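A.B. asks: Got a file for you: input_39.cif, mmCIF, N, CA and C atoms and all ligand atoms.
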```
data_work
#
loop_
_atom_site.label_atom_id
_atom_site.label_comp_id
_atom_site.auth_asym_id
_atom_site.auth_seq_id
_atom_site.Cartn_x
_atom_site.Cartn_y
_atom_site.Cartn_z
N MET A 43 29.09 -16.42 21.63
CA MET A 43 29.92 -17.60 21.81
C MET A 43 30.44 -18.08 20.46
N ASN A 44 29.53 -18.32 19.57
CA ASN A 44 29.94 -18.75 18.23
C ASN A 44 29.42 -17.76 17.20
N ASP A 45 30.34 -17.01 16.62
CA ASP A 45 29.87 -15.96 15.71
C ASP A 45 30.13 -16.31 14.24
N GLN A 46 30.33 -17.59 14.00
CA GLN A 46 30.66 -17.97 12.62
C GLN A 46 29.52 -17.65 11.63
N PHE A 47 28.30 -17.52 12.16
CA PHE A 47 27.19 -17.23 11.27
C PHE A 47 26.99 -15.72 11.07
N ASP A 48 27.69 -14.94 11.90
CA ASP A 48 27.51 -13.49 11.81
C ASP A 48 28.34 -12.88 10.69
N SER A 49 29.56 -13.37 10.52
CA SER A 49 30.39 -12.79 9.47
C SER A 49 30.60 -13.81 8.36
N PRO A 50 30.09 -13.48 7.17
CA PRO A 50 30.25 -14.43 6.07
C PRO A 50 31.71 -14.60 5.69
N SER A 51 32.06 -15.80 5.31
CA SER A 51 33.43 -16.06 4.89
C SER A 51 33.66 -15.46 3.51
N PHE A 52 34.91 -15.43 3.12
CA PHE A 52 35.26 -14.91 1.79
C PHE A 52 34.51 -15.69 0.71
N GLU A 53 34.46 -17.02 0.89
CA GLU A 53 33.79 -17.86 -0.11
C GLU A 53 32.30 -17.51 -0.21
N GLU A 54 31.68 -17.29 0.99
CA GLU A 54 30.26 -16.93 1.00
C GLU A 54 30.02 -15.59 0.32
N GLU A 55 30.91 -14.65 0.59
CA GLU A 55 30.79 -13.33 -0.03
C GLU A 55 30.93 -13.43 -1.55
N GLN A 56 31.88 -14.27 -1.97
CA GLN A 56 32.08 -14.45 -3.41
C GLN A 56 30.85 -15.07 -4.07
N LEU A 57 30.26 -16.06 -3.37
CA LEU A 57 29.06 -16.71 -3.91
C LEU A 57 27.91 -15.71 -4.02
N GLU A 58 27.79 -14.86 -3.02
CA GLU A 58 26.73 -13.85 -3.02
C GLU A 58 26.97 -12.84 -4.15
N TYR A 59 28.22 -12.44 -4.30
CA TYR A 59 28.57 -11.50 -5.37
C TYR A 59 28.27 -12.13 -6.72
N LYS A 60 28.61 -13.40 -6.88
CA LYS A 60 28.35 -14.09 -8.14
C LYS A 60 26.85 -14.17 -8.43
N ALA A 61 26.05 -14.48 -7.38
CA ALA A 61 24.60 -14.56 -7.56
C ALA A 61 24.03 -13.19 -7.96
N ASP A 62 24.54 -12.14 -7.35
CA ASP A 62 24.09 -10.79 -7.70
C ASP A 62 24.43 -10.46 -9.15
N LEU A 63 25.66 -10.86 -9.55
CA LEU A 63 26.08 -10.60 -10.93
C LEU A 63 25.18 -11.33 -11.92
N ILE A 64 24.86 -12.58 -11.61
CA ILE A 64 24.01 -13.37 -12.51
C ILE A 64 22.65 -12.71 -12.66
N ASP A 65 22.05 -12.26 -11.55
CA ASP A 65 20.75 -11.56 -11.60
C ASP A 65 20.84 -10.34 -12.51
N LEU A 66 21.92 -9.59 -12.30
CA LEU A 66 22.11 -8.36 -13.04
C LEU A 66 22.30 -8.62 -14.55
N LEU A 67 23.15 -9.60 -14.84
CA LEU A 67 23.46 -9.87 -16.24
C LEU A 67 22.27 -10.49 -16.97
N GLU A 68 21.46 -11.24 -16.24
CA GLU A 68 20.26 -11.81 -16.88
C GLU A 68 19.33 -10.72 -17.38
N ASN A 69 19.33 -9.58 -16.69
CA ASN A 69 18.49 -8.46 -17.12
C ASN A 69 19.11 -7.67 -18.27
N ARG A 70 20.37 -7.94 -18.56
CA ARG A 70 21.06 -7.10 -19.53
C ARG A 70 21.50 -7.85 -20.79
N LEU A 71 21.09 -9.10 -20.88
CA LEU A 71 21.40 -9.86 -22.10
C LEU A 71 20.12 -10.00 -22.90
N HIS A 72 20.17 -9.57 -24.14
CA HIS A 72 18.99 -9.57 -24.99
C HIS A 72 19.26 -10.34 -26.27
N GLY A 73 18.20 -10.87 -26.83
CA GLY A 73 18.31 -11.38 -28.19
C GLY A 73 18.36 -12.89 -28.36
N ILE A 74 18.68 -13.64 -27.29
CA ILE A 74 18.67 -15.10 -27.44
C ILE A 74 17.90 -15.71 -26.28
N ALA A 75 17.52 -16.96 -26.47
CA ALA A 75 16.72 -17.64 -25.45
C ALA A 75 17.34 -18.98 -25.09
N SER A 76 16.69 -19.67 -24.18
CA SER A 76 16.99 -21.06 -23.82
C SER A 76 18.40 -21.34 -23.36
N GLU A 77 18.92 -22.51 -23.74
CA GLU A 77 20.20 -22.97 -23.23
C GLU A 77 21.37 -22.09 -23.66
N GLU A 78 21.29 -21.57 -24.88
CA GLU A 78 22.36 -20.69 -25.34
C GLU A 78 22.44 -19.46 -24.45
N ARG A 79 21.30 -18.99 -24.04
CA ARG A 79 21.26 -17.82 -23.17
C ARG A 79 21.94 -18.13 -21.83
N ASN A 80 21.64 -19.30 -21.28
CA ASN A 80 22.26 -19.69 -20.01
C ASN A 80 23.78 -19.78 -20.14
N TYR A 81 24.22 -20.32 -21.26
CA TYR A 81 25.66 -20.44 -21.50
C TYR A 81 26.30 -19.05 -21.61
N ALA A 82 25.64 -18.15 -22.32
CA ALA A 82 26.16 -16.79 -22.47
C ALA A 82 26.22 -16.07 -21.12
N ILE A 83 25.21 -16.28 -20.28
CA ILE A 83 25.20 -15.67 -18.94
C ILE A 83 26.38 -16.20 -18.12
N GLU A 84 26.62 -17.51 -18.28
CA GLU A 84 27.73 -18.15 -17.56
C GLU A 84 29.06 -17.51 -17.94
N ILE A 85 29.27 -17.31 -19.24
CA ILE A 85 30.52 -16.72 -19.71
C ILE A 85 30.62 -15.25 -19.27
N LEU A 86 29.53 -14.52 -19.41
CA LEU A 86 29.51 -13.11 -18.98
C LEU A 86 29.87 -13.01 -17.50
N THR A 87 29.27 -13.87 -16.69
CA THR A 87 29.53 -13.86 -15.25
C THR A 87 31.00 -14.14 -14.97
N GLU A 88 31.54 -15.11 -15.70
CA GLU A 88 32.94 -15.47 -15.55
C GLU A 88 33.85 -14.26 -15.80
N VAL A 89 33.54 -13.52 -16.87
CA VAL A 89 34.35 -12.35 -17.21
C VAL A 89 34.22 -11.29 -16.11
N PHE A 90 33.00 -11.01 -15.69
CA PHE A 90 32.79 -9.97 -14.66
C PHE A 90 33.44 -10.36 -13.33
N LEU A 91 33.51 -11.65 -13.03
CA LEU A 91 34.14 -12.07 -11.78
C LEU A 91 35.64 -11.79 -11.80
N ARG A 92 36.21 -11.68 -12.99
CA ARG A 92 37.64 -11.43 -13.09
C ARG A 92 37.96 -9.93 -13.13
N VAL A 93 36.91 -9.12 -13.30
CA VAL A 93 37.10 -7.66 -13.36
C VAL A 93 37.04 -7.12 -11.93
N PRO A 94 37.95 -6.19 -11.56
CA PRO A 94 37.85 -5.60 -10.21
C PRO A 94 36.44 -5.03 -9.98
N LYS A 95 35.94 -5.16 -8.73
CA LYS A 95 34.57 -4.74 -8.44
C LYS A 95 34.29 -3.29 -8.83
N GLY A 96 35.25 -2.42 -8.59
CA GLY A 96 35.07 -1.00 -8.94
C GLY A 96 34.85 -0.82 -10.43
N ASP A 97 35.60 -1.59 -11.22
CA ASP A 97 35.47 -1.48 -12.68
C ASP A 97 34.14 -2.09 -13.15
N SER A 98 33.71 -3.16 -12.47
CA SER A 98 32.40 -3.75 -12.80
C SER A 98 31.30 -2.73 -12.55
N GLU A 99 31.42 -2.00 -11.45
CA GLU A 99 30.41 -0.98 -11.13
C GLU A 99 30.39 0.10 -12.18
N THR A 100 31.57 0.49 -12.67
CA THR A 100 31.63 1.50 -13.74
C THR A 100 30.90 0.98 -14.97
N LEU A 101 31.19 -0.27 -15.33
CA LEU A 101 30.57 -0.85 -16.53
C LEU A 101 29.05 -0.96 -16.38
N ILE A 102 28.61 -1.37 -15.21
CA ILE A 102 27.19 -1.63 -15.01
C ILE A 102 26.41 -0.35 -14.72
N ASP A 103 26.90 0.46 -13.81
CA ASP A 103 26.14 1.64 -13.38
C ASP A 103 26.38 2.89 -14.22
N ARG A 104 27.62 3.08 -14.67
CA ARG A 104 27.93 4.31 -15.41
C ARG A 104 27.82 4.12 -16.92
N ARG A 105 28.36 2.98 -17.41
CA ARG A 105 28.27 2.74 -18.85
C ARG A 105 26.95 2.08 -19.22
N ASN A 106 26.26 1.55 -18.21
CA ASN A 106 24.97 0.89 -18.47
C ASN A 106 25.10 -0.18 -19.55
N VAL A 107 26.13 -1.01 -19.46
CA VAL A 107 26.35 -2.00 -20.52
C VAL A 107 25.15 -2.94 -20.66
N GLN A 108 24.80 -3.21 -21.89
CA GLN A 108 23.73 -4.14 -22.26
C GLN A 108 24.32 -5.06 -23.32
N PHE A 109 23.87 -6.30 -23.38
CA PHE A 109 24.44 -7.26 -24.34
C PHE A 109 23.35 -7.75 -25.28
N ILE A 110 23.69 -7.74 -26.56
CA ILE A 110 22.76 -8.22 -27.57
C ILE A 110 23.49 -9.26 -28.41
N ILE A 111 22.91 -10.43 -28.57
CA ILE A 111 23.64 -11.48 -29.27
C ILE A 111 23.56 -11.45 -30.81
N PRO A 112 22.44 -11.23 -31.44
CA PRO A 112 22.41 -11.58 -32.87
C PRO A 112 23.02 -10.57 -33.84
N LEU A 113 24.12 -9.94 -33.50
CA LEU A 113 24.76 -8.98 -34.39
C LEU A 113 26.24 -9.31 -34.50
N ASN A 114 27.00 -8.39 -35.11
CA ASN A 114 28.44 -8.57 -35.11
C ASN A 114 28.99 -8.12 -33.76
N SER A 115 30.22 -8.55 -33.46
CA SER A 115 30.78 -8.18 -32.17
C SER A 115 31.33 -6.76 -32.21
N THR A 116 30.79 -5.91 -31.38
CA THR A 116 31.28 -4.54 -31.28
C THR A 116 30.73 -3.91 -30.01
N ALA A 117 31.16 -2.68 -29.74
CA ALA A 117 30.63 -1.94 -28.59
C ALA A 117 30.37 -0.51 -29.04
N ALA A 118 29.22 0.04 -28.70
CA ALA A 118 28.90 1.40 -29.12
C ALA A 118 27.89 2.02 -28.16
N PRO A 119 28.00 3.35 -27.95
CA PRO A 119 27.01 3.98 -27.09
C PRO A 119 25.73 4.30 -27.86
N PHE A 120 24.61 4.11 -27.19
CA PHE A 120 23.32 4.52 -27.73
C PHE A 120 22.75 5.48 -26.71
N PHE A 121 21.81 6.29 -27.13
CA PHE A 121 21.24 7.24 -26.18
C PHE A 121 19.75 6.99 -26.11
N ILE A 122 19.26 6.80 -24.90
CA ILE A 122 17.84 6.48 -24.75
C ILE A 122 17.11 7.58 -23.99
N ASN A 123 15.82 7.64 -24.19
CA ASN A 123 14.96 8.59 -23.50
C ASN A 123 14.99 8.30 -22.00
N PRO A 124 15.34 9.29 -21.16
CA PRO A 124 15.44 9.04 -19.71
C PRO A 124 14.12 8.59 -19.08
N MET A 125 13.00 8.84 -19.75
CA MET A 125 11.72 8.41 -19.19
C MET A 125 11.63 6.88 -19.14
N LEU A 126 12.48 6.21 -19.90
CA LEU A 126 12.41 4.75 -19.97
C LEU A 126 13.14 4.05 -18.83
N VAL A 127 13.94 4.78 -18.06
CA VAL A 127 14.70 4.10 -17.00
C VAL A 127 14.34 4.60 -15.62
N ASP A 128 14.60 3.77 -14.62
CA ASP A 128 14.25 4.12 -13.24
C ASP A 128 15.25 5.10 -12.63
N ASN A 129 16.54 4.80 -12.87
CA ASN A 129 17.56 5.67 -12.26
C ASN A 129 17.91 6.83 -13.18
N ARG A 130 17.03 7.80 -13.24
CA ARG A 130 17.25 8.95 -14.10
C ARG A 130 18.34 9.84 -13.53
N PRO A 131 19.14 10.42 -14.40
CA PRO A 131 20.19 11.32 -13.92
C PRO A 131 19.59 12.65 -13.46
N GLU A 132 20.34 13.37 -12.62
CA GLU A 132 19.88 14.67 -12.12
C GLU A 132 19.74 15.64 -13.29
N PHE A 133 20.70 15.56 -14.18
CA PHE A 133 20.68 16.47 -15.33
C PHE A 133 19.75 15.93 -16.40
N GLY A 134 19.32 16.82 -17.25
CA GLY A 134 18.39 16.39 -18.30
C GLY A 134 19.10 15.72 -19.44
N GLY A 135 18.39 15.50 -20.52
CA GLY A 135 19.01 14.94 -21.71
C GLY A 135 18.90 13.43 -21.78
N MET A 136 19.46 12.91 -22.85
CA MET A 136 19.38 11.49 -23.11
C MET A 136 20.39 10.73 -22.26
N ILE A 137 20.10 9.48 -21.96
CA ILE A 137 20.97 8.66 -21.13
C ILE A 137 21.82 7.75 -22.01
N PRO A 138 23.16 7.82 -21.85
CA PRO A 138 24.00 6.93 -22.64
C PRO A 138 23.94 5.50 -22.10
N LEU A 139 23.94 4.58 -23.01
CA LEU A 139 23.82 3.17 -22.70
C LEU A 139 24.79 2.48 -23.65
N TRP A 140 25.71 1.69 -23.11
CA TRP A 140 26.65 1.01 -24.01
C TRP A 140 26.08 -0.33 -24.41
N ILE A 141 25.95 -0.53 -25.70
CA ILE A 141 25.45 -1.80 -26.22
C ILE A 141 26.63 -2.65 -26.66
N ILE A 142 26.77 -3.82 -26.05
CA ILE A 142 27.78 -4.79 -26.48
C ILE A 142 27.04 -5.79 -27.35
N SER A 143 27.27 -5.74 -28.63
CA SER A 143 26.61 -6.74 -29.48
C SER A 143 27.60 -7.85 -29.78
N LEU A 144 27.09 -9.06 -29.84
CA LEU A 144 27.96 -10.24 -29.98
C LEU A 144 27.49 -11.11 -31.13
N ARG A 145 28.45 -11.59 -31.91
CA ARG A 145 28.12 -12.47 -33.04
C ARG A 145 27.41 -13.72 -32.53
N PRO A 146 26.35 -14.14 -33.22
CA PRO A 146 25.64 -15.33 -32.76
C PRO A 146 26.50 -16.59 -32.79
N ASP A 147 27.46 -16.66 -33.70
CA ASP A 147 28.26 -17.88 -33.78
C ASP A 147 29.29 -18.00 -32.66
N LEU A 148 29.42 -16.94 -31.85
CA LEU A 148 30.33 -17.03 -30.70
C LEU A 148 29.97 -18.19 -29.78
N ILE A 149 28.65 -18.45 -29.70
CA ILE A 149 28.16 -19.55 -28.87
C ILE A 149 28.82 -20.86 -29.27
N LYS A 150 29.10 -21.00 -30.57
CA LYS A 150 29.66 -22.25 -31.09
C LYS A 150 31.19 -22.25 -31.09
N GLN A 151 31.79 -21.08 -30.84
CA GLN A 151 33.25 -20.98 -30.85
C GLN A 151 33.82 -21.54 -29.55
N PRO A 152 35.17 -21.78 -29.55
CA PRO A 152 35.79 -22.22 -28.30
C PRO A 152 35.49 -21.23 -27.17
N ARG A 153 35.31 -21.78 -25.98
CA ARG A 153 34.96 -20.97 -24.82
C ARG A 153 35.92 -19.78 -24.63
N ASP A 154 37.21 -20.01 -24.86
CA ASP A 154 38.19 -18.94 -24.70
C ASP A 154 37.92 -17.76 -25.62
N GLU A 155 37.49 -18.06 -26.84
CA GLU A 155 37.24 -16.98 -27.78
C GLU A 155 36.02 -16.17 -27.34
N PHE A 156 35.02 -16.85 -26.85
CA PHE A 156 33.82 -16.17 -26.34
C PHE A 156 34.21 -15.24 -25.18
N THR A 157 34.98 -15.79 -24.24
CA THR A 157 35.43 -15.02 -23.07
C THR A 157 36.26 -13.82 -23.50
N TYR A 158 37.18 -14.07 -24.42
CA TYR A 158 38.07 -13.00 -24.89
C TYR A 158 37.25 -11.88 -25.54
N THR A 159 36.29 -12.26 -26.37
CA THR A 159 35.50 -11.26 -27.08
C THR A 159 34.73 -10.38 -26.11
N ILE A 160 34.13 -10.99 -25.09
CA ILE A 160 33.38 -10.21 -24.10
C ILE A 160 34.31 -9.25 -23.37
N ALA A 161 35.45 -9.75 -22.93
CA ALA A 161 36.41 -8.90 -22.21
C ALA A 161 36.85 -7.74 -23.11
N HIS A 162 37.10 -8.05 -24.39
CA HIS A 162 37.54 -7.04 -25.34
C HIS A 162 36.48 -5.95 -25.52
N GLU A 163 35.25 -6.36 -25.70
CA GLU A 163 34.18 -5.37 -25.93
C GLU A 163 33.88 -4.58 -24.66
N LEU A 164 34.01 -5.22 -23.51
CA LEU A 164 33.82 -4.50 -22.24
C LEU A 164 34.90 -3.43 -22.07
N ALA A 165 36.10 -3.74 -22.54
CA ALA A 165 37.19 -2.75 -22.46
C ALA A 165 36.83 -1.51 -23.29
N HIS A 166 36.22 -1.72 -24.46
CA HIS A 166 35.76 -0.58 -25.27
C HIS A 166 34.78 0.28 -24.46
N ALA A 167 33.81 -0.39 -23.82
CA ALA A 167 32.79 0.36 -23.06
C ALA A 167 33.44 1.08 -21.89
N PHE A 168 34.34 0.38 -21.20
CA PHE A 168 35.00 0.98 -20.03
C PHE A 168 35.75 2.24 -20.42
N LEU A 169 36.49 2.16 -21.52
CA LEU A 169 37.30 3.29 -21.99
C LEU A 169 36.49 4.28 -22.81
N GLU A 170 35.20 3.99 -23.00
CA GLU A 170 34.32 4.81 -23.84
C GLU A 170 34.93 4.98 -25.24
N HIS A 171 35.42 3.87 -25.72
CA HIS A 171 36.06 3.83 -27.02
C HIS A 171 35.19 2.96 -27.92
N VAL A 172 34.61 3.60 -28.93
CA VAL A 172 33.67 2.87 -29.78
C VAL A 172 34.38 1.77 -30.57
N GLY A 173 33.86 0.56 -30.51
CA GLY A 173 34.44 -0.55 -31.26
C GLY A 173 33.97 -0.49 -32.71
N HIS A 174 34.53 -1.35 -33.52
CA HIS A 174 34.08 -1.41 -34.90
C HIS A 174 33.94 -2.87 -35.31
N TYR A 175 33.27 -3.08 -36.39
CA TYR A 175 33.05 -4.44 -36.86
C TYR A 175 34.30 -4.99 -37.51
N PRO A 176 34.91 -6.02 -36.95
CA PRO A 176 36.10 -6.59 -37.57
C PRO A 176 35.75 -7.30 -38.88
N GLU A 177 36.73 -7.34 -39.76
CA GLU A 177 36.54 -8.00 -41.06
C GLU A 177 36.29 -9.50 -40.86
N GLY A 178 37.18 -10.12 -40.10
CA GLY A 178 37.10 -11.57 -39.94
C GLY A 178 36.25 -11.94 -38.75
N THR A 179 36.27 -13.21 -38.44
CA THR A 179 35.45 -13.65 -37.32
C THR A 179 36.27 -14.37 -36.26
N SER A 180 37.58 -14.48 -36.48
CA SER A 180 38.35 -15.20 -35.47
C SER A 180 39.09 -14.22 -34.57
N MET A 181 39.55 -14.72 -33.46
CA MET A 181 40.23 -13.91 -32.47
C MET A 181 41.44 -13.21 -33.07
N ALA A 182 42.13 -13.90 -33.99
CA ALA A 182 43.34 -13.36 -34.58
C ALA A 182 43.06 -12.09 -35.39
N ASP A 183 41.83 -11.95 -35.85
CA ASP A 183 41.49 -10.78 -36.66
C ASP A 183 41.06 -9.58 -35.83
N THR A 184 40.89 -9.81 -34.55
CA THR A 184 40.37 -8.73 -33.72
C THR A 184 41.41 -7.63 -33.58
N GLU A 185 40.96 -6.42 -33.66
CA GLU A 185 41.90 -5.30 -33.62
C GLU A 185 42.47 -5.08 -32.22
N LEU A 186 43.55 -4.33 -32.16
CA LEU A 186 44.18 -4.08 -30.87
C LEU A 186 43.95 -2.63 -30.46
N ASP A 187 42.86 -2.04 -30.96
CA ASP A 187 42.66 -0.61 -30.78
C ASP A 187 42.27 -0.19 -29.37
N VAL A 188 42.05 -1.16 -28.50
CA VAL A 188 41.70 -0.79 -27.13
C VAL A 188 42.94 -0.29 -26.40
N ASN A 189 44.11 -0.77 -26.83
CA ASN A 189 45.34 -0.31 -26.19
C ASN A 189 45.55 1.18 -26.43
N PRO A 190 46.00 1.92 -25.42
CA PRO A 190 46.20 3.36 -25.60
C PRO A 190 47.31 3.66 -26.59
ZN ZN B 201 37.74 -3.75 -30.55
#
```
Please re-express this file's structure in structure tokens.
C.D. replies:
Amino acid sequence: MNDQFDSPSFEEEQLEYKADLIDLLENRLHGIASEERNYAIEILTEVFLRVPKGDSETLIDRRNVQFIIPLNSTAAPFFINPMLVDNRPEFGGMIPLWIISLRPDLIKQPRDEFTYTIAHELAHAFLEHVGHYPEGTSMADTELDVNP
């Protein structure tokens, strides 16, 4: 008679997706604690919500993106011992893991710059294009090397 509880609305699905993303990102942000950590999770979630779901899956499941705050902003692959992870690949060898490191002062920068930096570094991981440490610390100094 009334099936409104059987099929979740778009808003409900979005809320569920957001909650899943928050859980996931909380496990992948390292290096800071307390309120700053919550703020960083909020910004990370915001960026991932704007990325198409398929691309988010690539970043999370294939690139294994991890975020570390107390370094300079860049993106680079690291290779870890497969014994350390649950979802081991069928093939042997080391497992690539993309580390997105973020400058600690980003927390104090305007929200837009924080968001931009995360999106920029995620683009490096998505394209498997190693980032580099920019000379300056402002958005204007960030390189445009992600563009093909
Ligand atoms: Zn870059």
A.B. asks: Using all atoms listed in the file, which protein or nucleic acid residues come within 5 Å of stretch 101-112 of chain A? Drop anything in the same chain fewer than 5 positions from it, and give the result as a PyMOL selection string.
C.D. replies: chain A and resi 70-73+139-146
A.B. asks: Between atom C of A:Ala118 and atom N of A:Val172, what distance in Å does the model show, to one decimal?
C.D. replies: 6.9 Å
A.B. asks: What does the structure give for the distance between atom N of A:Thr157 and atom N of A:Val89, in Å to one decimal?
C.D. replies: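 One can read the atom N of A:Thr157 to atom N of A:Val89 distance as 7.8 Å.
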A.B. asks: For each of A:Glu163, A:Gly173, A:Glu77, A:Phe168, take the minimum atom-to-atom distance to A:Thr100, counting only C-alpha atoms, then give the residue where this is smallest.
C.D. replies: A:Phe168
A.B. asks: I'd like to know which of A:Pro138, A:Glu54, A:Gln151, A:His171 is closest to ligand ZN 201 (chain B), using all atoms listed in the file.
C.D. replies: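 Checking each candidate against ligand ZN 201 (chain B), we get A:His171 as the closest.
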A.B. asks: Could you tell me how far atom C of A:Ser51 lies from atom CA of A:Asn69, in Å and to one decimal?
C.D. replies: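 So the answer is 26.5 Å.
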A.B. asks: For stretch 56-60 of chain A, find every residue with an atom within 10 Å (counting only C-alpha atoms), except residues of its own chain fewer than 6 positions away, and show them as a PyMOL selection string.
C.D. replies: chain A and resi 50+66+87-88+90-91+95
